[in-house]
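Q: Take this structure, written in structure tokens, and hold onto it; I'll ask about it next.
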Amino acid sequence: MADDYLVRIGKLIRDARQHRGWTQTQLAEALATSQSAVNRIERGNQNISLEMIARIGEALDSEIVSLGYAGPMHLRVVGRRRLSGSIDVKTSKNACVALLCATLLNKGRTVLRRVARIEEVFRLLEVLNSIGVRTRWINDGMDLEIVPPAELDMESIDAEAAIRTRSIIMFLGPLLHRLDRFKLPYAGGCDLGTRTIEPHMIALRRFGLDITATEGLYHAQVETAVTPDRPIVLTERGDTVTENALLAAARHDGVTVIRNASSNYMVQDLCFFLEALGVRVDGVGTTTLTVHGVPEIDVDVDYSPSEDPVEAMSLLAAAVVTESELTIRRVPIEFLEIELAVLEEMGLDHDRSAEYAADNGRTRLVDLTVRPSKLEAPIDKIHPMPFPGLNIDNVPFFAAIAATAQGQTLIHDWVYDNRAIYLTDLNRLGGRLQLLDPHRVLVEGPTRWRAAEMMCPPALRPAVVVLLAMMAAEGTSVLRNVYVINRGYEDLAERLNSVGAQIEIFRDI
């Protein structure tokens with residue numbers, strides 16, 4: 001029995017290493033051991049302590065075994081079940097994490113309504129709690145209350161939680177107004193290749209922030225006399241870069257102009273929240289934002305983040321690949337119009353309700369009904385662009401959709417270094433995807449999906465795409481170690497089950 005467990009643990013470690021793109025030698029170097037020792041561990045031929053398992057999991061950013069509670073979560077999926085009925089879109093993951101970072105601007109009490117209960121939020125709450133911020137779930141766990149301390153205890157920051165979320169990078173903007181010196185752990189999150197923080201620094205240096213990176217930490221020093229004397233031009237129209245610039249500008253006592261800004265959904269939600277804090281932001285929804293900052297913010301504020309367009313796209317894709325009729329309610333239509341236009345050209349049969357306002361009073365929502373459709377591959381390639389273009393995070397879902405369509409579809413995911421590579425995991429389920437280079441995948445359809453057992457890709461959206469393909473596959477599939485899905489989706493399996501899916505959650509170690 002013990003030998004059987006060693007073999008199973010070794011297989012989990014091998015799969016996690018391969019999905020990370022590491023060789024046995026690279027893992028050995030991270031663990032300060034030998035390649036032959038790693039080889040023995042992966043073959044189940046070496047006794048391994050819980051401490052070593054935890055070290056391996058940390059090195060691979062993968063929950064091999066969880067100490068103190070049941071082991072990693074897996075999903076068992078019975079495929080070829082049609083979905084029906086209706087399902088609501090949850091609040092935006094990316095907006096919620098930005099707003100949590102933004103609460104550091106406020107000395108008063110903040111209540112955020114219907115916050116997504118996801119791992120990314122939990123990690124940020126652990127970090128906030130560790131530096132003295134009081135947080136609690138209220139109203140039967142639906143809403144989140146945040147109360148900051150008079151002084152932040154940055155020396156006690158929970159580094160383990162911080163390195164598991166890239167959102168920690170958005171602490172820089174608020175903290176530069178509170179502290180002259182501080183340290184932050186390196187940003188982590190999805191394994192999407194090399195992602196530099198230099199665009200953030202180009203913007204934040206204008207507020208006097210200087211960063212030195214050593215030994216896994218960002219060492220920050222702030223020269224308070226330095227303030228922007230001309231418009232800030234972002235070198236990358238990125239969402240988190242724009243958010244960091246907004247967070248820095250919010251408490252700058254003056255007017256800050258930010259050009260080449262993202263106008264994406266989470267940026268707009270942050271602007272609406274800043275307005276609730278008393279910070280005027282002109283140009284919301286455009287690429288030029290003018291921020292009328294205030295030096296002190298001490299207000300009690302109640303805010304409702306809007307719904308998540310990427311989750312809406314996930315549910316839409318679930319209906320398409322399972323050939324189902326499904327109504328997706330509370331869809332933020334402004335941020336899905338390009339995707340729907342592409343799908344209409346491919347032959348998607350759908351209709352939408354009249355528009356109505358989200359709880360923030362600003363975002364436009366619709367209810368979207370999708371029906372089984374005979375799709376044709378699009379004439380043009382699928383590629384992301386900054387808003388109002390096709391959303392970067394929605395590109396992976398087109399891999400599963402294109403696999404159901406007749407013909408060849410070229411997907412060009414130019415933003416991330418290696419996310420397109422993970423899409424080829426669909427080949428394990430019967431897909432015909434050809435990787436042309438690290439950014440381009442050629443998808444051949446239609447696909448007869450087949451069941452398989454496999455490790456969850458280490459990137460959020462490709463992981464969900466694999467789950468959707470399993471829902472369409474004949475037979476029973478197993479998707480192992482779905483922590484990455486829980487980072488961005490609340491109770492996804494249970495919610496899909498509520499509209500007809502058959503997905504079982506289990507743990508085996």
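Scheme for the structure tokens: letters A, B, ... for chains in order shown; per-chain residue numbers from 1; ligand numbers from 1 in order shown.
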Glu42 of chain A: which residues within 9 Å, counting only C-alpha atoms, same-chain residues fewer than 6 positions away excluded, as a PDB file with C-alpha atoms, in the first residue's frame?

A:
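And here's around.pdb as it stands now:
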ATOM      1  CA  LEU A   6       4.688   6.581  -3.517  1.00  0.00           C
ATOM      2  CA  VAL A   7       3.958   5.758  -7.159  1.00  0.00           C
ATOM      3  CA  ARG A   8       0.825   7.937  -7.163  1.00  0.00           C
ATOM      4  CA  ILE A   9       2.627  10.850  -5.511  1.00  0.00           C
ATOM      5  CA  GLY A  10       5.518  10.444  -7.933  1.00  0.00           C
ATOM      6  CA  LYS A  11       3.115  10.609 -10.895  1.00  0.00           C
ATOM      7  CA  LEU A  12       1.536  13.794  -9.534  1.00  0.00           C
ATOM      8  CA  ILE A  13       4.976  15.367  -9.112  1.00  0.00           C
ATOM      9  CA  ARG A  14       6.053  14.333 -12.620  1.00  0.00           C
TER      10      ARG A  14
END

Q: Which residues are close to Ile211 of chain A, i.e. within 8 Å by only C-alpha atoms, leaving aside same-chain residues fewer than 6 positions away? Reply as a ChimeraX atom specification.

A: /A:201,218-221

Q: Just want the 8 Å neighbourhood of segment 267-270 of chain A, counted on only C-alpha atoms, with same-chain residues fewer than 3 positions away dropped. Output as a ChimeraX atom specification.

A: /A:95,98-99,102,239,242-243,262-264,273-274,284-285,305-306

Q: Among segment 201-261 of chain A, which ones does DSSP place in helix (DSSP H, G or I), written as a list in words?

A: Met201, Ile202, Ala203, Leu204, Arg205, Arg206, Phe207, Asp239, Thr240, Val241, Thr242, Glu243, Asn244, Ala245, Leu246, Leu247, Ala248, Ala249 and Ala250 of chain A

Q: Would you pick out the contacts of Val111 of chain A at 6 Å or less, using only C-alpha atoms, so that residues sharing its chain but fewer than 2 positions from it are not included, and give the list as an mmCIF file with C-alpha atoms, in the first residue's frame?

A:
data_model
loop_
_atom_site.group_PDB
_atom_site.id
_atom_site.type_symbol
_atom_site.label_atom_id
_atom_site.label_comp_id
_atom_site.auth_asym_id
_atom_site.auth_seq_id
_atom_site.Cartn_x
_atom_site.Cartn_y
_atom_site.Cartn_z
ATOM 1 C CA LEU A 144 -16.782 41.538 2.549
ATOM 2 C CA GLU A 145 -15.939 44.212 5.115
ATOM 3 C CA ASP A 302 -20.212 50.531 0.061
#

Q: Applying 12 Å and only C-alpha atoms, which residues near Arg206 of chain A remain after dropping the ones on its own chain fewer than 6 positions away? List them as number ranges by chain.

A: A: 173, 176, 199-200, 222-234, 245, 248-249, 252, 256-258

Q: I'd like the interatomic distance between atom CA of Gln502 of chain A and atom CA of Ala16 of chain A, to a tenth of an Å.

A: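 Between atom CA of Gln502 of chain A and atom CA of Ala16 of chain A the gap is 25.6 Å.
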
Q: Please measure the separation of atom CA of Asn394 of chain A and atom CA of Met313 of chain A, giving the value in Å to one decimal.

A: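 Computing the Euclidean distance for atom CA of Asn394 of chain A and atom CA of Met313 of chain A yields 6.6 Å.
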
Q: Taking 3 positions as the minimum chain separation for residues in the same chain, which residues sit within 8 Å of Ile333 of chain A when counting only C-alpha atoms? Answer as a PyMOL selection string.

A: chain A and resi 309+336-337+364-366

Q: Excluding segment 367-383 of chain A and residues on its chain fewer than 2 positions from it, collect all residues at most 9 Å away from it, counting only C-alpha atoms, and give them as a PyMOL selection string.

A: chain A and resi 86+88+316+319-331+333+342-343+345-355+365+385+389-392+395+398+401-414+444-446

Q: Which residue out of A:Arg237, A:His292, A:His74, A:Arg113 has the minimum interatomic distance to Leu277 of chain A when only C-alpha atoms are used?

A: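 Closest to Leu277 of chain A, using only C-alpha atoms: A:His292.
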